[in-house]
Amino acid sequence: MSEQTITREFQAKTRKVLDIVINSLYTERDIFLRELVSNAADALEKFRHQSLVQKVTFDEHVPLEITIDGDDKKHILTITDTGIGMTLDELETNLGTIAHSGSGQFWENLADAAKKDVNLIGQFGVGFYSAFMVAKKVRVQSRSWDGGEGHEWESDGGGTYTVKPCPGLHRGTKIILELKDDAQDYAIKYTIERIIRQYSSFVPYPILVDGKKVNTVQAIWARSKGEISEEEYTEFYKFVSNTTEEPLMRVHFSADAPLAIQALLYVPRENFEILGLGRAQPGVNLYCQKVLIDQHSEHILPEWLRFLKGVVDSEDLPLNISRQALQDNALVFKLRKVLTKRFIKFLKEQAKEAPDTYLAFWKTFGIYLKEGITSDFDYREDLGELLRFQSSRSEGEGLVSLADYAGRMPEGQDKIYYINGPSREALERGPYVEMFRKRNIEILYTLEPIDDFVLNHLGEFDGKKLVSADRADLELPEAADKEDETAGQQGERLAEADAESLCAWMKEVLGERIKEVALSRRLVDSPAMIVNADSYLTSSMERVLRATAREDHLAMSGKKNMEINPASPLIKKLARLREADQDFARDITEQIYDNAMIQAGLLVDSQQMVSRNYRILERMAGRE
Ligand code: ADP
Ligand code: MG
């Protein structure tokens with residue numbers, strides 16, 4: 001080794017990734033070539049953009065292209081690009097450390113997922129390391145566009161790499177792979193061509209294998225829709241999103257006003273965020289007249305659309321705009337608005353024209369639309385139209401929209417009702433829907449803890465208030481059929497005065513646990529239920545806080561009321577028992593409270609409940 005060779009250790013994260021790549025990924029190794037070619041293409045795009053921002057003089061006339069050479073005898077594969085290149089610093093930072101913020105656990109999860117779908121490697125900013133799937137040694141020779149000295153980086157994928165000066169290079173990067181014994185095919189021209197055709201046909205620069213161009217250079221999004229085949233669309237998706245899957249949805253559109261835009265956007269089939277792989281990076285690239293301005297742009301779409309993949313091209317943007325300037329550029333702002341509106345419109349159309357596809361979309365990506373409602377005021381109402389829920393009227397897998405609900409509201413009803421719970425079955429067995437069922441009023445079942453938060457943000461839909469059925473002040477519209485009006489067996493209700501005094505006594509027993517015990521005007525069969533006097537810190541909010549371990553917030557949790565059903569046999573008996581046996585009546589009151597809490601999906605002290613429950617059982621068993 002020359003004196004100028006410096007040996008360095010990889011960052012711990014990088015070692016972990018290398019270990020995964022080398023020791024656990026054996027299938028679909030072909031993708032390494034796509035990753036290296038995609039890095040070469042990125043480097044060319046960066047150079048092209050740089051040369052627009054600032055005049056480049058060094059190696060000015062070197063053509064923008066990628067060259068791949070296979071040495072079949074020495075089993076060496078070389079990928080050369082004439083892109084932006086890397087300085088010594090950049091070599092060390094880009095190839096020795098990982099920008100992704102993922103923790104150790106994150107990489108473990110990714111490793112597991114990557115065993116099933118190796119494409120994931122490229123989607124989390126570590127594509128370069130896939131070279132070690134096929135190479136026992138990797139050398140990277142690079143010289144930056146600024147004409148500074150060139151360097152060579154080298155590693156066998158173990159704990160260290162070396163760097164040293166490498167004179168005589170042109171602008172760009174050359175990656176030299178010494179292939180593993182079982183990967184020697186990758187130096188064969190035929191294999192290389194096959195892989196390039198499969199994965200990289202949309203790379204917008206010539207890829208030369210043995211001096212011959214093997215890809216077709218084209219900006220598919222700039223062509224007219226009629227000319228593009230389904231296969232081309234699908235291939236392009238695979239190309240932009242580094243995947244072998246097909247997309248779930250696609251929208252290709254152009255606009256002239258207020259901005260000239262060409263956009264080709266795709267919705268994937270999978271949502272990696274719910275697979276525990278952390279927050280997705282944006283996946284849409286910004287072009288200006290077919291020149292890449294900003295890859296995986298954070299500026300052209302709102303965060304809640306980060307699952308989209310594709311390309312946006314606007315010739316109205318200045319070609320030489322720097323990435324920093326995108327952040328608060330008025331045109332970019334406008335662009336984002338147009339794209340967001342157009343995509344929402346597309347979703348609305350899909351919901352009508354392809355309801356099954358929309359449902360599949362909703363199940364996988366609905367959570368992002370909910371995020372949009374809570375975070376993006378501008379699109380709240382539009383997104384409200386896209387929400388889907390189960391309801392007391394929905395059947396099987398079918399879901400209803402707020403518009404469906406509003407459309408069939410009978411005269412006299414002016415609110416949209418919903419109730420949150422763990423499942424349809426649990427809700428239908430519980431107390432909250434009893435009066436809805438009796439009066440034949442539709443009620444939405446929101447089954448995700450976050451849903452009530454979302455509906456609270458939305459507030460109303462089409463002028464109709466959205467109201468949770470566990471609110472204390474719920475006023476249901478009267479039944480058309482008056483006779484059926486009041487709860488339970490009318491004649492046998494507890495007398496008003498007795499009922500009132502029972503409420504007061506139960507409140508005394510339950511003390512601080514409850515704000516008020518009141519007579520229910522809407523329970524039919526259940527003896528009692530918990531309702532929320534406070535419309536913000538509701539039961540479902542409390543569940544969310546508990547689920548996210550924010551129990552410290554619960555101290556401010558709103559007090560709840562308990563409603564009791566004066567027609568329930570248990571309540572009637574309790575009123576009498578209170579006179580005869582206070583202690584037993586207390587136990588029963590506490591048990592009713594715990595049961596109601598459980599039906600509200602809230603926590604109770606289970607140890608206490610079990611001992612009390614045994615006391616009650618003992619008493620029952622003692623009865624002849
Ligand atoms: P990603 O491409 O997602 O950033 P990679 O692991 O593929 O992740 O590459 C890491 C980084 O190394 C790139 O972001 C880039 O800065 C640098 N890099 C890799 N290949 C090249 C190349 N051919 N030319 C210039 N820079 C490169
Ligand atoms: Mg890459």
# chains A, B, ... in the order shown; residues from 1 in each chain; ligands from 1
>>> residues_around(residues="Gly366 in chain A", least_positions_apart="6", cutoff="12 Å", atoms="only C-alpha atoms", output="ChimeraX atom specification")
/A:271,274,304-305,307,347,358-360,372-373,383-389,448,450-451,454
>>> residues_near_ligand(ligand="ligand 1", cutoff="9 Å", atoms="only C-alpha atoms and all ligand atoms", output="compact mmCIF listing (two decimals) with all heavy atoms, in the first residue's frame")
# COMPACT_ATOMS: atom_id res chain seq x y z
N GLU A 35 -29.15 -0.64 -8.92
CA GLU A 35 -28.78 0.36 -7.91
C GLU A 35 -27.57 1.17 -8.35
O GLU A 35 -27.54 2.39 -8.22
CB GLU A 35 -28.50 -0.31 -6.56
CG GLU A 35 -29.72 -0.96 -5.92
CD GLU A 35 -30.88 0.00 -5.71
OE1 GLU A 35 -30.63 1.21 -5.52
OE2 GLU A 35 -32.04 -0.45 -5.76
N LEU A 36 -26.57 0.48 -8.90
CA LEU A 36 -25.37 1.21 -9.31
C LEU A 36 -25.65 2.08 -10.53
O LEU A 36 -25.16 3.21 -10.62
CB LEU A 36 -24.22 0.23 -9.57
CG LEU A 36 -23.78 -0.59 -8.34
CD1 LEU A 36 -22.59 -1.48 -8.70
CD2 LEU A 36 -23.41 0.32 -7.17
N VAL A 37 -26.47 1.58 -11.44
CA VAL A 37 -26.82 2.38 -12.61
C VAL A 37 -27.68 3.57 -12.16
O VAL A 37 -27.52 4.68 -12.67
CB VAL A 37 -27.55 1.52 -13.67
CG1 VAL A 37 -28.17 2.41 -14.74
CG2 VAL A 37 -26.57 0.54 -14.30
N SER A 38 -28.55 3.34 -11.19
CA SER A 38 -29.39 4.45 -10.75
C SER A 38 -28.53 5.52 -10.06
O SER A 38 -28.76 6.72 -10.22
CB SER A 38 -30.56 3.95 -9.91
OG SER A 38 -30.51 4.41 -8.60
N ASN A 39 -27.52 5.10 -9.32
CA ASN A 39 -26.60 6.09 -8.73
C ASN A 39 -25.85 6.85 -9.82
O ASN A 39 -25.65 8.06 -9.72
CB ASN A 39 -25.60 5.39 -7.82
CG ASN A 39 -26.21 4.99 -6.49
OD1 ASN A 39 -27.33 5.38 -6.17
ND2 ASN A 39 -25.50 4.18 -5.73
N ALA A 40 -25.44 6.12 -10.87
CA ALA A 40 -24.74 6.77 -11.98
C ALA A 40 -25.65 7.79 -12.65
O ALA A 40 -25.24 8.92 -12.96
CB ALA A 40 -24.27 5.71 -12.99
N ALA A 41 -26.91 7.39 -12.84
CA ALA A 41 -27.87 8.30 -13.48
C ALA A 41 -28.11 9.52 -12.59
O ALA A 41 -28.15 10.66 -13.08
CB ALA A 41 -29.18 7.57 -13.76
N ASP A 42 -28.23 9.29 -11.27
CA ASP A 42 -28.40 10.42 -10.35
C ASP A 42 -27.21 11.38 -10.46
O ASP A 42 -27.38 12.60 -10.47
CB ASP A 42 -28.46 9.94 -8.89
CG ASP A 42 -29.72 9.15 -8.59
OD1 ASP A 42 -30.63 9.13 -9.45
OD2 ASP A 42 -29.79 8.54 -7.50
N ALA A 43 -26.02 10.79 -10.54
CA ALA A 43 -24.82 11.62 -10.61
C ALA A 43 -24.80 12.44 -11.89
O ALA A 43 -24.37 13.60 -11.90
CB ALA A 43 -23.57 10.74 -10.52
N LEU A 44 -25.30 11.85 -12.97
CA LEU A 44 -25.37 12.59 -14.24
C LEU A 44 -26.41 13.71 -14.14
O LEU A 44 -26.18 14.83 -14.61
CB LEU A 44 -25.71 11.64 -15.38
CG LEU A 44 -24.55 10.72 -15.78
CD1 LEU A 44 -25.05 9.49 -16.55
CD2 LEU A 44 -23.53 11.48 -16.63
N LYS A 46 -27.31 15.23 -11.45
CA LYS A 46 -26.77 16.28 -10.57
C LYS A 46 -25.78 17.15 -11.34
O LYS A 46 -25.74 18.36 -11.19
CB LYS A 46 -26.07 15.66 -9.35
CG LYS A 46 -27.03 15.14 -8.30
CD LYS A 46 -26.27 14.53 -7.12
CE LYS A 46 -27.18 13.67 -6.26
NZ LYS A 46 -26.43 12.69 -5.45
N ILE A 79 -18.53 -0.13 -13.89
CA ILE A 79 -19.61 0.80 -14.26
C ILE A 79 -19.07 2.21 -14.15
O ILE A 79 -18.65 2.64 -13.08
CB ILE A 79 -20.82 0.63 -13.31
CG1 ILE A 79 -21.37 -0.79 -13.44
CG2 ILE A 79 -21.92 1.64 -13.62
CD1 ILE A 79 -21.61 -1.47 -12.15
N THR A 80 -19.07 2.90 -15.27
CA THR A 80 -18.45 4.23 -15.29
C THR A 80 -19.49 5.28 -15.64
O THR A 80 -20.28 5.07 -16.57
CB THR A 80 -17.34 4.28 -16.36
OG1 THR A 80 -16.51 3.13 -16.19
CG2 THR A 80 -16.50 5.54 -16.24
N ASP A 81 -19.49 6.39 -14.91
CA ASP A 81 -20.37 7.49 -15.33
C ASP A 81 -19.56 8.76 -15.41
O ASP A 81 -18.48 8.87 -14.82
CB ASP A 81 -21.54 7.65 -14.35
CG ASP A 81 -21.11 8.13 -12.97
OD1 ASP A 81 -20.68 9.30 -12.86
OD2 ASP A 81 -21.21 7.34 -12.00
N THR A 82 -20.09 9.72 -16.16
CA THR A 82 -19.41 11.01 -16.30
C THR A 82 -20.21 12.07 -15.56
O THR A 82 -20.36 13.20 -16.01
CB THR A 82 -19.26 11.36 -17.79
OG1 THR A 82 -20.57 11.26 -18.38
CG2 THR A 82 -18.34 10.41 -18.50
N GLY A 83 -20.74 11.67 -14.44
CA GLY A 83 -21.59 12.57 -13.65
C GLY A 83 -20.81 13.50 -12.74
O GLY A 83 -19.64 13.81 -13.00
N ILE A 84 -21.43 13.86 -11.64
CA ILE A 84 -20.89 14.91 -10.78
C ILE A 84 -19.62 14.50 -10.04
O ILE A 84 -18.82 15.34 -9.65
CB ILE A 84 -21.99 15.38 -9.80
CG1 ILE A 84 -21.59 16.65 -9.08
CG2 ILE A 84 -22.33 14.29 -8.77
CD1 ILE A 84 -22.69 17.63 -8.91
N GLY A 85 -19.41 13.19 -9.86
CA GLY A 85 -18.21 12.71 -9.17
C GLY A 85 -18.23 13.00 -7.68
O GLY A 85 -19.18 13.59 -7.15
N MET A 86 -17.18 12.53 -6.99
CA MET A 86 -17.10 12.75 -5.54
C MET A 86 -15.70 13.21 -5.16
O MET A 86 -14.71 12.70 -5.67
CB MET A 86 -17.43 11.46 -4.78
CG MET A 86 -18.92 11.12 -4.76
SD MET A 86 -19.26 9.56 -3.91
CE MET A 86 -19.05 8.38 -5.23
N GLU A 90 -16.49 13.53 0.10
CA GLU A 90 -17.78 12.93 -0.31
C GLU A 90 -17.68 11.41 -0.39
O GLU A 90 -18.63 10.71 -0.02
CB GLU A 90 -18.24 13.54 -1.64
CG GLU A 90 -18.73 14.97 -1.47
CD GLU A 90 -18.86 15.73 -2.78
OE1 GLU A 90 -18.26 15.31 -3.80
OE2 GLU A 90 -19.54 16.77 -2.77
N LEU A 91 -16.55 10.92 -0.87
CA LEU A 91 -16.37 9.46 -0.91
C LEU A 91 -16.55 8.88 0.49
O LEU A 91 -17.25 7.90 0.70
CB LEU A 91 -14.96 9.11 -1.41
CG LEU A 91 -14.76 9.00 -2.91
CD1 LEU A 91 -13.26 8.86 -3.23
CD2 LEU A 91 -15.53 7.82 -3.49
N THR A 93 -17.97 10.29 3.20
CA THR A 93 -19.31 10.47 3.79
C THR A 93 -20.34 9.60 3.09
O THR A 93 -21.14 8.92 3.74
CB THR A 93 -19.75 11.94 3.67
OG1 THR A 93 -18.64 12.75 4.01
CG2 THR A 93 -20.92 12.24 4.57
N ASN A 94 -20.32 9.61 1.77
CA ASN A 94 -21.39 8.92 1.04
C ASN A 94 -21.26 7.40 1.08
O ASN A 94 -22.26 6.69 1.05
CB ASN A 94 -21.43 9.37 -0.42
CG ASN A 94 -21.75 10.86 -0.53
OD1 ASN A 94 -22.25 11.45 0.41
ND2 ASN A 94 -21.42 11.44 -1.67
N LEU A 95 -20.02 6.92 1.13
CA LEU A 95 -19.84 5.47 1.06
C LEU A 95 -19.40 4.86 2.38
O LEU A 95 -19.24 3.65 2.49
CB LEU A 95 -18.84 5.10 -0.05
CG LEU A 95 -19.12 5.72 -1.43
CD1 LEU A 95 -18.12 5.21 -2.45
CD2 LEU A 95 -20.54 5.43 -1.91
N GLY A 96 -19.21 5.68 3.39
CA GLY A 96 -18.77 5.14 4.68
C GLY A 96 -19.82 5.30 5.76
O GLY A 96 -19.79 4.62 6.78
N THR A 97 -20.76 6.22 5.52
CA THR A 97 -21.80 6.46 6.52
C THR A 97 -23.16 6.39 5.83
O THR A 97 -23.25 6.39 4.61
CB THR A 97 -21.66 7.85 7.17
OG1 THR A 97 -21.79 8.82 6.14
CG2 THR A 97 -20.33 8.01 7.86
N ILE A 98 -24.21 6.31 6.65
CA ILE A 98 -25.56 6.21 6.11
C ILE A 98 -26.36 7.41 6.58
O ILE A 98 -26.40 7.72 7.77
CB ILE A 98 -26.22 4.90 6.57
CG1 ILE A 98 -25.50 3.73 5.89
CG2 ILE A 98 -27.70 4.88 6.23
CD1 ILE A 98 -25.95 2.37 6.37
N ALA A 99 -26.98 8.08 5.61
CA ALA A 99 -27.72 9.30 5.95
C ALA A 99 -29.03 8.97 6.66
O ALA A 99 -29.51 9.74 7.48
CB ALA A 99 -27.99 10.10 4.68
N ILE A 121 -33.84 -2.57 -0.16
CA ILE A 121 -32.51 -2.03 0.06
C ILE A 121 -32.33 -0.68 -0.64
O ILE A 121 -31.85 0.29 -0.06
CB ILE A 121 -31.46 -3.06 -0.43
CG1 ILE A 121 -31.39 -4.20 0.56
CG2 ILE A 121 -30.10 -2.46 -0.65
CD1 ILE A 121 -30.65 -3.84 1.83
N GLY A 122 -32.76 -0.65 -1.90
CA GLY A 122 -32.58 0.58 -2.68
C GLY A 122 -33.51 1.69 -2.23
O GLY A 122 -33.24 2.86 -2.44
N GLN A 123 -34.62 1.30 -1.59
CA GLN A 123 -35.60 2.32 -1.23
C GLN A 123 -35.27 3.03 0.07
O GLN A 123 -35.94 3.96 0.46
CB GLN A 123 -36.99 1.70 -1.15
CG GLN A 123 -37.46 1.30 -2.54
CD GLN A 123 -38.75 0.54 -2.54
OE1 GLN A 123 -39.50 0.56 -1.58
NE2 GLN A 123 -39.02 -0.17 -3.62
N PHE A 124 -34.26 2.58 0.75
CA PHE A 124 -33.93 3.22 2.02
C PHE A 124 -32.53 3.83 2.02
O PHE A 124 -31.87 3.92 3.04
CB PHE A 124 -34.12 2.24 3.18
CG PHE A 124 -35.58 1.98 3.43
CD1 PHE A 124 -36.22 0.93 2.81
CD2 PHE A 124 -36.32 2.83 4.22
CE1 PHE A 124 -37.58 0.72 3.00
CE2 PHE A 124 -37.68 2.63 4.43
CZ PHE A 124 -38.31 1.57 3.81
N GLY A 125 -32.09 4.24 0.82
CA GLY A 125 -30.86 5.01 0.73
C GLY A 125 -29.58 4.24 1.02
O GLY A 125 -28.60 4.81 1.46
N VAL A 126 -29.60 2.93 0.79
CA VAL A 126 -28.38 2.15 1.00
C VAL A 126 -28.08 1.26 -0.21
O VAL A 126 -27.42 0.24 -0.09
CB VAL A 126 -28.44 1.30 2.29
CG1 VAL A 126 -28.41 2.19 3.52
CG2 VAL A 126 -29.68 0.42 2.32
N GLY A 127 -28.59 1.69 -1.39
CA GLY A 127 -28.46 0.88 -2.60
C GLY A 127 -27.03 0.55 -2.97
O GLY A 127 -26.73 -0.54 -3.46
N PHE A 128 -26.13 1.48 -2.73
CA PHE A 128 -24.74 1.26 -3.10
C PHE A 128 -24.19 -0.04 -2.51
O PHE A 128 -23.48 -0.79 -3.16
CB PHE A 128 -23.87 2.45 -2.65
CG PHE A 128 -22.40 2.17 -2.75
CD1 PHE A 128 -21.76 2.16 -3.98
CD2 PHE A 128 -21.66 1.88 -1.61
CE1 PHE A 128 -20.39 1.87 -4.08
CE2 PHE A 128 -20.30 1.59 -1.69
CZ PHE A 128 -19.67 1.58 -2.93
N TYR A 129 -24.57 -0.29 -1.26
CA TYR A 129 -24.00 -1.45 -0.58
C TYR A 129 -24.46 -2.79 -1.18
O TYR A 129 -23.87 -3.82 -0.89
CB TYR A 129 -24.30 -1.39 0.92
CG TYR A 129 -23.73 -0.14 1.54
CD1 TYR A 129 -24.55 0.92 1.91
CD2 TYR A 129 -22.36 0.01 1.70
CE1 TYR A 129 -24.03 2.09 2.44
CE2 TYR A 129 -21.82 1.17 2.22
CZ TYR A 129 -22.66 2.22 2.59
OH TYR A 129 -22.13 3.37 3.10
N SER A 130 -25.50 -2.73 -2.02
CA SER A 130 -25.93 -3.97 -2.66
C SER A 130 -24.83 -4.54 -3.56
O SER A 130 -24.85 -5.72 -3.92
CB SER A 130 -27.23 -3.77 -3.45
OG SER A 130 -26.98 -2.90 -4.53
N VAL A 140 -13.97 2.18 -5.89
CA VAL A 140 -14.69 3.32 -6.46
C VAL A 140 -13.67 4.42 -6.74
O VAL A 140 -13.04 4.94 -5.83
CB VAL A 140 -15.76 3.86 -5.49
CG1 VAL A 140 -16.50 5.04 -6.11
CG2 VAL A 140 -16.73 2.76 -5.09
N SER A 142 -13.12 8.13 -8.25
CA SER A 142 -14.01 9.25 -8.53
C SER A 142 -13.27 10.58 -8.57
O SER A 142 -12.31 10.80 -7.83
CB SER A 142 -15.12 9.30 -7.48
OG SER A 142 -16.16 10.13 -7.92
N SER A 144 -14.37 14.76 -8.77
CA SER A 144 -15.50 15.69 -8.71
C SER A 144 -15.51 16.64 -9.92
O SER A 144 -14.48 16.89 -10.53
CB SER A 144 -15.42 16.50 -7.42
OG SER A 144 -16.38 17.52 -7.43
N GLY A 172 -16.28 12.25 -12.95
CA GLY A 172 -17.25 11.18 -12.76
C GLY A 172 -16.71 10.05 -11.91
O GLY A 172 -15.72 10.21 -11.20
N THR A 173 -17.40 8.93 -11.99
CA THR A 173 -17.13 7.83 -11.07
C THR A 173 -17.04 6.50 -11.81
O THR A 173 -17.83 6.24 -12.72
CB THR A 173 -18.26 7.75 -10.02
OG1 THR A 173 -18.35 9.01 -9.36
CG2 THR A 173 -18.00 6.66 -9.00
N LYS A 174 -16.07 5.69 -11.38
CA LYS A 174 -15.93 4.35 -11.95
C LYS A 174 -16.02 3.37 -10.79
O LYS A 174 -15.29 3.48 -9.81
CB LYS A 174 -14.56 4.24 -12.63
CG LYS A 174 -14.34 2.94 -13.40
CD LYS A 174 -12.88 2.81 -13.86
CE LYS A 174 -12.54 3.69 -15.04
NZ LYS A 174 -12.99 3.21 -16.35
N ILE A 175 -16.94 2.42 -10.90
CA ILE A 175 -17.09 1.41 -9.85
C ILE A 175 -16.58 0.09 -10.39
O ILE A 175 -17.06 -0.38 -11.43
CB ILE A 175 -18.57 1.27 -9.45
CG1 ILE A 175 -19.15 2.66 -9.24
CG2 ILE A 175 -18.74 0.32 -8.27
CD1 ILE A 175 -19.83 2.93 -7.98
>>> select_by_dssp(residues="range 106-297 of chain A", states="alpha helix (DSSP H)", output="VMD selection string")
chain A and resid 106 to 116 120 to 123 189 to 199 230 to 240
>>> residues_around(residues="Asp112 in chain A", least_positions_apart="5", cutoff="12 Å", atoms="only C-alpha atoms", output="PyMOL selection string")
chain A and resi 17+20-21+24-25+105-107+117-118+120-121+275-277
>>> write_last_selection(atoms="N, CA and C atoms", output="mmCIF file, in the first residue's frame")
data_model
loop_
_atom_site.group_PDB
_atom_site.id
_atom_site.type_symbol
_atom_site.label_atom_id
_atom_site.label_comp_id
_atom_site.auth_asym_id
_atom_site.auth_seq_id
_atom_site.Cartn_x
_atom_site.Cartn_y
_atom_site.Cartn_z
ATOM 1 N N VAL A 17 -25.514 -2.730 7.989
ATOM 2 C CA VAL A 17 -26.118 -2.890 6.669
ATOM 3 C C VAL A 17 -25.263 -3.822 5.803
ATOM 4 N N ILE A 20 -25.806 -7.342 6.759
ATOM 5 C CA ILE A 20 -27.084 -7.850 6.241
ATOM 6 C C ILE A 20 -26.940 -8.217 4.766
ATOM 7 N N VAL A 21 -26.355 -7.269 4.008
ATOM 8 C CA VAL A 21 -26.253 -7.457 2.562
ATOM 9 C C VAL A 21 -25.394 -8.681 2.232
ATOM 10 N N SER A 24 -27.123 -12.065 4.509
ATOM 11 C CA SER A 24 -28.485 -12.603 4.488
ATOM 12 C C SER A 24 -29.259 -12.406 3.202
ATOM 13 N N LEU A 25 -28.718 -11.721 2.230
ATOM 14 C CA LEU A 25 -29.479 -11.533 0.997
ATOM 15 C C LEU A 25 -28.851 -12.321 -0.159
ATOM 16 N N GLN A 105 -32.784 -1.199 15.411
ATOM 17 C CA GLN A 105 -34.004 -1.987 15.228
ATOM 18 C C GLN A 105 -34.555 -1.811 13.812
ATOM 19 N N PHE A 106 -34.494 -0.559 13.338
ATOM 20 C CA PHE A 106 -34.962 -0.285 11.984
ATOM 21 C C PHE A 106 -34.263 -1.176 10.972
ATOM 22 N N TRP A 107 -32.932 -1.303 11.083
ATOM 23 C CA TRP A 107 -32.184 -2.100 10.095
ATOM 24 C C TRP A 107 -32.488 -3.588 10.258
ATOM 25 N N ASP A 117 -38.227 -9.160 0.027
ATOM 26 C CA ASP A 117 -38.215 -8.256 -1.118
ATOM 27 C C ASP A 117 -36.939 -7.425 -1.076
ATOM 28 N N VAL A 118 -35.963 -7.893 -1.821
ATOM 29 C CA VAL A 118 -34.633 -7.286 -1.757
ATOM 30 C C VAL A 118 -34.638 -5.845 -2.276
ATOM 31 N N LEU A 120 -36.163 -3.471 -1.302
ATOM 32 C CA LEU A 120 -36.250 -2.489 -0.217
ATOM 33 C C LEU A 120 -34.908 -1.825 0.052
ATOM 34 N N ILE A 121 -33.845 -2.566 -0.160
ATOM 35 C CA ILE A 121 -32.508 -2.028 0.064
ATOM 36 C C ILE A 121 -32.325 -0.682 -0.643
ATOM 37 N N LEU A 275 -45.668 -1.372 7.833
ATOM 38 C CA LEU A 275 -44.859 -2.571 8.058
ATOM 39 C C LEU A 275 -43.770 -2.302 9.103
ATOM 40 N N GLY A 276 -43.842 -1.163 9.730
ATOM 41 C CA GLY A 276 -42.876 -0.853 10.786
ATOM 42 C C GLY A 276 -41.544 -0.363 10.250
ATOM 43 N N LEU A 277 -41.544 0.170 9.046
ATOM 44 C CA LEU A 277 -40.261 0.617 8.479
ATOM 45 C C LEU A 277 -40.092 2.132 8.518
#
>>> closest_residue(among="A:Gly147, A:Gly157, A:Pro527, A:Pro282", to="Lys572 in chain A", atoms="only C-alpha atoms")
A:Pro527
>>> select_by_dssp(residues="range 311-560 of chain A", states="strand (DSSP E or B)", output="number ranges by chain")
A: 311-313, 389-391, 400, 415-420, 444-446, 460-461, 464-468, 471, 516-519, 528-532, 560
>>> residues_around(residues="range 52-57 of chain A", least_positions_apart="5", cutoff="9 Å", atoms="only C-alpha atoms", output="list in words")
Phe47, Trp145, Asp146, Gly147, Leu319, Asn320, Ile321 and Ser322 of chain A
>>> closest_residue(among="A:Val134, A:Met597, A:Ile416, A:Val240", to="Ile220 in chain A", atoms="only C-alpha atoms")
A:Val240
>>> atom_distance(atom1="CA of Pro566 in chain A", atom2="CA of Leu494 in chain A")
5.2 Å
>>> closest_residue(among="A:Leu177, A:Asn242, A:Lys116, A:Asp69", to="ligand 2", atoms="only C-alpha atoms and all ligand atoms")
A:Asn242
